[in-house]
Amino acid sequence: MRLLNNQNEMKTGIFYAAFSYILWGVLPIYWKLLGGVGSDEILANRVFWSFFFMVALLLVTKKRPLFIETFRGLAANRRQMLALITASILISINWFIYIYAVNTGQMIQASLGYYINPLVSVLLGMIFLKEKLSVWQYLSFGMAAIGVLILTFSYGQFPWIALTLAISFGLYGLAKKLIKVEAAVGLTLETLVVMPVAAVYMAVLFLNGTSTLFNSAVVVDILLIGAGAATAVPLLYFARGAQSIPLSMLGFLQYIAPTITLLLGVFMYDETFSKVHLLSFTFIWAAVTIYSVSRTKLALNFKTRKGKGIEL
């Protein structure tokens, strides 16, 4: 019976995690619908409405006491509060660059950023957390670097969007390691930090008569306000799924989102995918495959050793 329950929980976890990545993958369609709105204003609305959506969710799910308790704990710990502020700034930068990339026809470069993000995260772990890498992981870094260099030299332009997305999200994950909190509470706290800035910016736009919100079509207003739910829902599905499946499985599933984004950019929005792109992405895909397989083997070896230890 326990085995059956574990299998059902695993299947449910895979569904939730995969669904969250699918939502993240198709999210560019949402931002494309707001193509006439500046990336800065979209970001301000995303932050502002995300906070109030999460507050409402905490009230409905009766997590308000947990939020207050967590906030007080962070406020009493200067290091964790600094980590929270840093995480909030980094995720805001990541959101802005992603929206900018989508609405300026650079979805391919955005997908590249999220392909190399896991490799950047491991590199940051090695630098800041003194984590050790295997030979295969070093190889994956080398191949990813070759892919990025191919794009850089062939176009004579540094792929800053891809690297900014990868590095900002990698640093965000590093900051989050210092503030391990429940997912819904964490997102509420992160948006709380930057929400006042977003609110002031939206107020300035409104007073200057340049605000899109409430000065355009009703559909646009709904999309701007709905940005809060569009941000929070995938994260909540992800948090639910991540609790039930191994990290190695999560590692494979995370490539669903950039793959969908890449396909949307090429086939739906007619972005150019040249032979140079193909060569560069081939190196990136090979690096990702090597990294994912090596991590899966490490997880299986650890599980096997752990099992043998229990038998003894």
# chains A, B, ... in the order shown; residues from 1 in each chain; ligands from 1

call {"tool": "residues_around", "arguments": {"residues": "Pro159 of chain A", "least_positions_apart": "4", "cutoff": "12 Å", "atoms": "only C-alpha atoms", "output": "JSON, numbers by chain"}}
result
{"A": [101, 106, 108, 109, 110, 111, 112, 113, 145, 147, 148, 149, 150, 151, 152, 153, 154, 155, 163, 164, 165, 166, 277, 280]}

call {"tool": "closest_atom_pairs", "arguments": {"of": "segment 21-64 of chain A", "to": "segment 181-191 of chain A", "cutoff": "10 Å", "atoms": "only C-alpha atoms", "output": "tab-separated table"}}
result
residue	atom	partner	partner_atom	distance
A:Arg46	CA	A:Thr191	CA	9.3
A:Val47	CA	A:Thr191	CA	5.8
A:Phe48	CA	A:Thr191	CA	7.4
A:Trp49	CA	A:Thr191	CA	9.1
A:Ser50	CA	A:Thr191	CA	6.9
A:Phe51	CA	A:Thr191	CA	5.3
A:Phe52	CA	A:Thr188	CA	8.3
A:Phe53	CA	A:Thr188	CA	8.7
A:Met54	CA	A:Thr188	CA	5.6
A:Val55	CA	A:Thr188	CA	6.8
A:Leu57	CA	A:Ala184	CA	8.2
A:Leu58	CA	A:Ala184	CA	7.4
A:Thr61	CA	A:Ala184	CA	9.9
A:Lys63	CA	A:Val185	CA	7.8
A:Arg64	CA	A:Val185	CA	8.6

call {"tool": "residues_around", "arguments": {"residues": "Gly38 of chain A", "least_positions_apart": "3", "cutoff": "10 Å", "atoms": "only C-alpha atoms", "output": "count of residues only"}}
result
10

call {"tool": "closest_residue", "arguments": {"among": "A:Met249, A:Val219, A:Ala87, A:Met202", "to": "Ile14 of chain A", "atoms": "only C-alpha atoms"}}
result
A:Met249

call {"tool": "residues_around", "arguments": {"residues": "Ala199 of chain A", "least_positions_apart": "2", "cutoff": "9 Å", "atoms": "only C-alpha atoms", "output": "list in words"}}
result
Ala44, Asn45, Val47, Phe48, Val194, Met195, Pro196, Val197, Tyr201, Met202, Ala203 and Val204 of chain A

call {"tool": "select_by_dssp", "arguments": {"residues": "segment 110-229 of chain A", "states": "alpha helix (DSSP H)", "output": "ChimeraX atom specification"}}
result
/A:110-128,135-155,160-176,183-207,218-229

call {"tool": "decode", "arguments": {"residues": "segment 117-227 of chain A", "atoms": "C-alpha atoms", "output": "PDB file, in the first residue's frame"}}
result
ATOM      1  CA  ASN A 117      20.940  28.610 -16.005  1.00  0.00           C
ATOM      2  CA  PRO A 118      21.450  25.215 -14.259  1.00  0.00           C
ATOM      3  CA  LEU A 119      25.108  25.267 -15.268  1.00  0.00           C
ATOM      4  CA  VAL A 120      25.499  28.794 -13.911  1.00  0.00           C
ATOM      5  CA  SER A 121      23.844  27.700 -10.660  1.00  0.00           C
ATOM      6  CA  VAL A 122      26.327  24.867 -10.251  1.00  0.00           C
ATOM      7  CA  LEU A 123      29.227  27.248 -10.990  1.00  0.00           C
ATOM      8  CA  LEU A 124      27.952  29.659  -8.335  1.00  0.00           C
ATOM      9  CA  GLY A 125      27.682  26.767  -5.892  1.00  0.00           C
ATOM     10  CA  MET A 126      31.301  25.911  -6.585  1.00  0.00           C
ATOM     11  CA  ILE A 127      32.432  29.514  -6.070  1.00  0.00           C
ATOM     12  CA  PHE A 128      30.335  30.556  -3.079  1.00  0.00           C
ATOM     13  CA  LEU A 129      29.423  27.271  -1.382  1.00  0.00           C
ATOM     14  CA  LYS A 130      32.677  25.416  -2.128  1.00  0.00           C
ATOM     15  CA  GLU A 131      30.785  22.596  -3.835  1.00  0.00           C
ATOM     16  CA  LYS A 132      32.900  20.134  -5.822  1.00  0.00           C
ATOM     17  CA  LEU A 133      32.250  19.295  -9.470  1.00  0.00           C
ATOM     18  CA  SER A 134      32.768  16.059 -11.339  1.00  0.00           C
ATOM     19  CA  VAL A 135      34.819  15.725 -14.526  1.00  0.00           C
ATOM     20  CA  TRP A 136      31.578  15.469 -16.518  1.00  0.00           C
ATOM     21  CA  GLN A 137      30.241  18.688 -15.028  1.00  0.00           C
ATOM     22  CA  TYR A 138      33.461  20.483 -15.932  1.00  0.00           C
ATOM     23  CA  LEU A 139      33.042  19.149 -19.462  1.00  0.00           C
ATOM     24  CA  SER A 140      29.465  20.439 -19.611  1.00  0.00           C
ATOM     25  CA  PHE A 141      30.666  23.910 -18.595  1.00  0.00           C
ATOM     26  CA  GLY A 142      33.285  23.872 -21.339  1.00  0.00           C
ATOM     27  CA  MET A 143      30.756  22.906 -23.999  1.00  0.00           C
ATOM     28  CA  ALA A 144      28.280  25.541 -22.833  1.00  0.00           C
ATOM     29  CA  ALA A 145      31.024  28.171 -22.937  1.00  0.00           C
ATOM     30  CA  ILE A 146      31.843  27.168 -26.527  1.00  0.00           C
ATOM     31  CA  GLY A 147      28.167  27.587 -27.465  1.00  0.00           C
ATOM     32  CA  VAL A 148      28.028  31.083 -25.973  1.00  0.00           C
ATOM     33  CA  LEU A 149      31.330  32.069 -27.622  1.00  0.00           C
ATOM     34  CA  ILE A 150      30.053  30.920 -31.023  1.00  0.00           C
ATOM     35  CA  LEU A 151      27.110  33.300 -30.733  1.00  0.00           C
ATOM     36  CA  THR A 152      29.315  36.105 -29.466  1.00  0.00           C
ATOM     37  CA  PHE A 153      31.936  35.932 -32.227  1.00  0.00           C
ATOM     38  CA  SER A 154      29.554  35.155 -35.096  1.00  0.00           C
ATOM     39  CA  TYR A 155      27.357  38.171 -34.396  1.00  0.00           C
ATOM     40  CA  GLY A 156      29.959  40.409 -32.832  1.00  0.00           C
ATOM     41  CA  GLN A 157      27.508  41.026 -30.017  1.00  0.00           C
ATOM     42  CA  PHE A 158      27.682  39.715 -26.474  1.00  0.00           C
ATOM     43  CA  PRO A 159      24.553  37.598 -25.650  1.00  0.00           C
ATOM     44  CA  TRP A 160      23.833  39.778 -22.626  1.00  0.00           C
ATOM     45  CA  ILE A 161      20.160  38.886 -22.390  1.00  0.00           C
ATOM     46  CA  ALA A 162      20.845  35.144 -22.100  1.00  0.00           C
ATOM     47  CA  LEU A 163      23.671  35.586 -19.605  1.00  0.00           C
ATOM     48  CA  THR A 164      21.819  38.203 -17.524  1.00  0.00           C
ATOM     49  CA  LEU A 165      18.815  35.869 -17.246  1.00  0.00           C
ATOM     50  CA  ALA A 166      21.002  32.902 -16.315  1.00  0.00           C
ATOM     51  CA  ILE A 167      23.187  34.778 -13.810  1.00  0.00           C
ATOM     52  CA  SER A 168      20.359  36.737 -12.163  1.00  0.00           C
ATOM     53  CA  PHE A 169      18.284  33.584 -11.665  1.00  0.00           C
ATOM     54  CA  GLY A 170      21.335  31.661 -10.487  1.00  0.00           C
ATOM     55  CA  LEU A 171      22.167  34.338  -7.912  1.00  0.00           C
ATOM     56  CA  TYR A 172      18.484  34.429  -6.939  1.00  0.00           C
ATOM     57  CA  GLY A 173      18.630  30.704  -6.184  1.00  0.00           C
ATOM     58  CA  LEU A 174      21.805  31.255  -4.165  1.00  0.00           C
ATOM     59  CA  ALA A 175      20.139  33.987  -2.093  1.00  0.00           C
ATOM     60  CA  LYS A 176      17.101  31.758  -1.554  1.00  0.00           C
ATOM     61  CA  LYS A 177      19.336  29.121   0.054  1.00  0.00           C
ATOM     62  CA  LEU A 178      19.758  31.498   2.979  1.00  0.00           C
ATOM     63  CA  ILE A 179      16.010  32.050   3.429  1.00  0.00           C
ATOM     64  CA  LYS A 180      14.335  28.662   3.173  1.00  0.00           C
ATOM     65  CA  VAL A 181      10.647  29.455   3.548  1.00  0.00           C
ATOM     66  CA  GLU A 182       7.366  28.035   2.283  1.00  0.00           C
ATOM     67  CA  ALA A 183       6.871  28.879  -1.427  1.00  0.00           C
ATOM     68  CA  ALA A 184       3.739  31.046  -1.137  1.00  0.00           C
ATOM     69  CA  VAL A 185       5.122  32.916   1.855  1.00  0.00           C
ATOM     70  CA  GLY A 186       8.446  33.385   0.080  1.00  0.00           C
ATOM     71  CA  LEU A 187       6.908  34.927  -3.045  1.00  0.00           C
ATOM     72  CA  THR A 188       4.737  37.204  -0.901  1.00  0.00           C
ATOM     73  CA  LEU A 189       7.791  38.439   1.000  1.00  0.00           C
ATOM     74  CA  GLU A 190       9.822  38.958  -2.170  1.00  0.00           C
ATOM     75  CA  THR A 191       7.110  41.013  -3.847  1.00  0.00           C
ATOM     76  CA  LEU A 192       6.511  42.915  -0.594  1.00  0.00           C
ATOM     77  CA  VAL A 193      10.089  44.223  -0.694  1.00  0.00           C
ATOM     78  CA  VAL A 194       9.807  45.737  -4.193  1.00  0.00           C
ATOM     79  CA  MET A 195       6.049  46.429  -4.239  1.00  0.00           C
ATOM     80  CA  PRO A 196       6.385  49.986  -2.774  1.00  0.00           C
ATOM     81  CA  VAL A 197       8.802  50.904  -5.569  1.00  0.00           C
ATOM     82  CA  ALA A 198       6.407  49.464  -8.149  1.00  0.00           C
ATOM     83  CA  ALA A 199       3.473  51.333  -6.568  1.00  0.00           C
ATOM     84  CA  VAL A 200       5.335  54.663  -6.643  1.00  0.00           C
ATOM     85  CA  TYR A 201       6.362  54.119 -10.269  1.00  0.00           C
ATOM     86  CA  MET A 202       2.785  53.285 -11.274  1.00  0.00           C
ATOM     87  CA  ALA A 203       1.538  56.395  -9.415  1.00  0.00           C
ATOM     88  CA  VAL A 204       4.053  58.617 -11.228  1.00  0.00           C
ATOM     89  CA  LEU A 205       2.949  57.222 -14.590  1.00  0.00           C
ATOM     90  CA  PHE A 206      -0.685  57.796 -13.674  1.00  0.00           C
ATOM     91  CA  LEU A 207      -0.117  61.403 -12.506  1.00  0.00           C
ATOM     92  CA  ASN A 208       1.883  62.163 -15.659  1.00  0.00           C
ATOM     93  CA  GLY A 209      -0.914  60.789 -17.809  1.00  0.00           C
ATOM     94  CA  THR A 210       1.353  58.135 -19.343  1.00  0.00           C
ATOM     95  CA  SER A 211      -0.045  55.114 -17.506  1.00  0.00           C
ATOM     96  CA  THR A 212      -1.499  52.350 -19.643  1.00  0.00           C
ATOM     97  CA  LEU A 213      -3.517  50.928 -16.757  1.00  0.00           C
ATOM     98  CA  PHE A 214      -7.087  52.316 -16.715  1.00  0.00           C
ATOM     99  CA  ASN A 215      -6.244  54.469 -19.746  1.00  0.00           C
ATOM    100  CA  SER A 216      -6.523  51.816 -22.430  1.00  0.00           C
ATOM    101  CA  ALA A 217      -8.739  48.953 -23.553  1.00  0.00           C
ATOM    102  CA  VAL A 218     -10.364  46.881 -20.813  1.00  0.00           C
ATOM    103  CA  VAL A 219      -8.588  43.779 -22.109  1.00  0.00           C
ATOM    104  CA  VAL A 220      -5.198  45.425 -21.514  1.00  0.00           C
ATOM    105  CA  ASP A 221      -6.230  46.409 -17.975  1.00  0.00           C
ATOM    106  CA  ILE A 222      -7.299  42.823 -17.269  1.00  0.00           C
ATOM    107  CA  LEU A 223      -4.001  41.483 -18.625  1.00  0.00           C
ATOM    108  CA  LEU A 224      -1.946  43.902 -16.514  1.00  0.00           C
ATOM    109  CA  ILE A 225      -3.859  43.063 -13.344  1.00  0.00           C
ATOM    110  CA  GLY A 226      -3.813  39.367 -14.228  1.00  0.00           C
ATOM    111  CA  ALA A 227      -0.007  39.466 -14.391  1.00  0.00           C
TER     112      ALA A 227
END
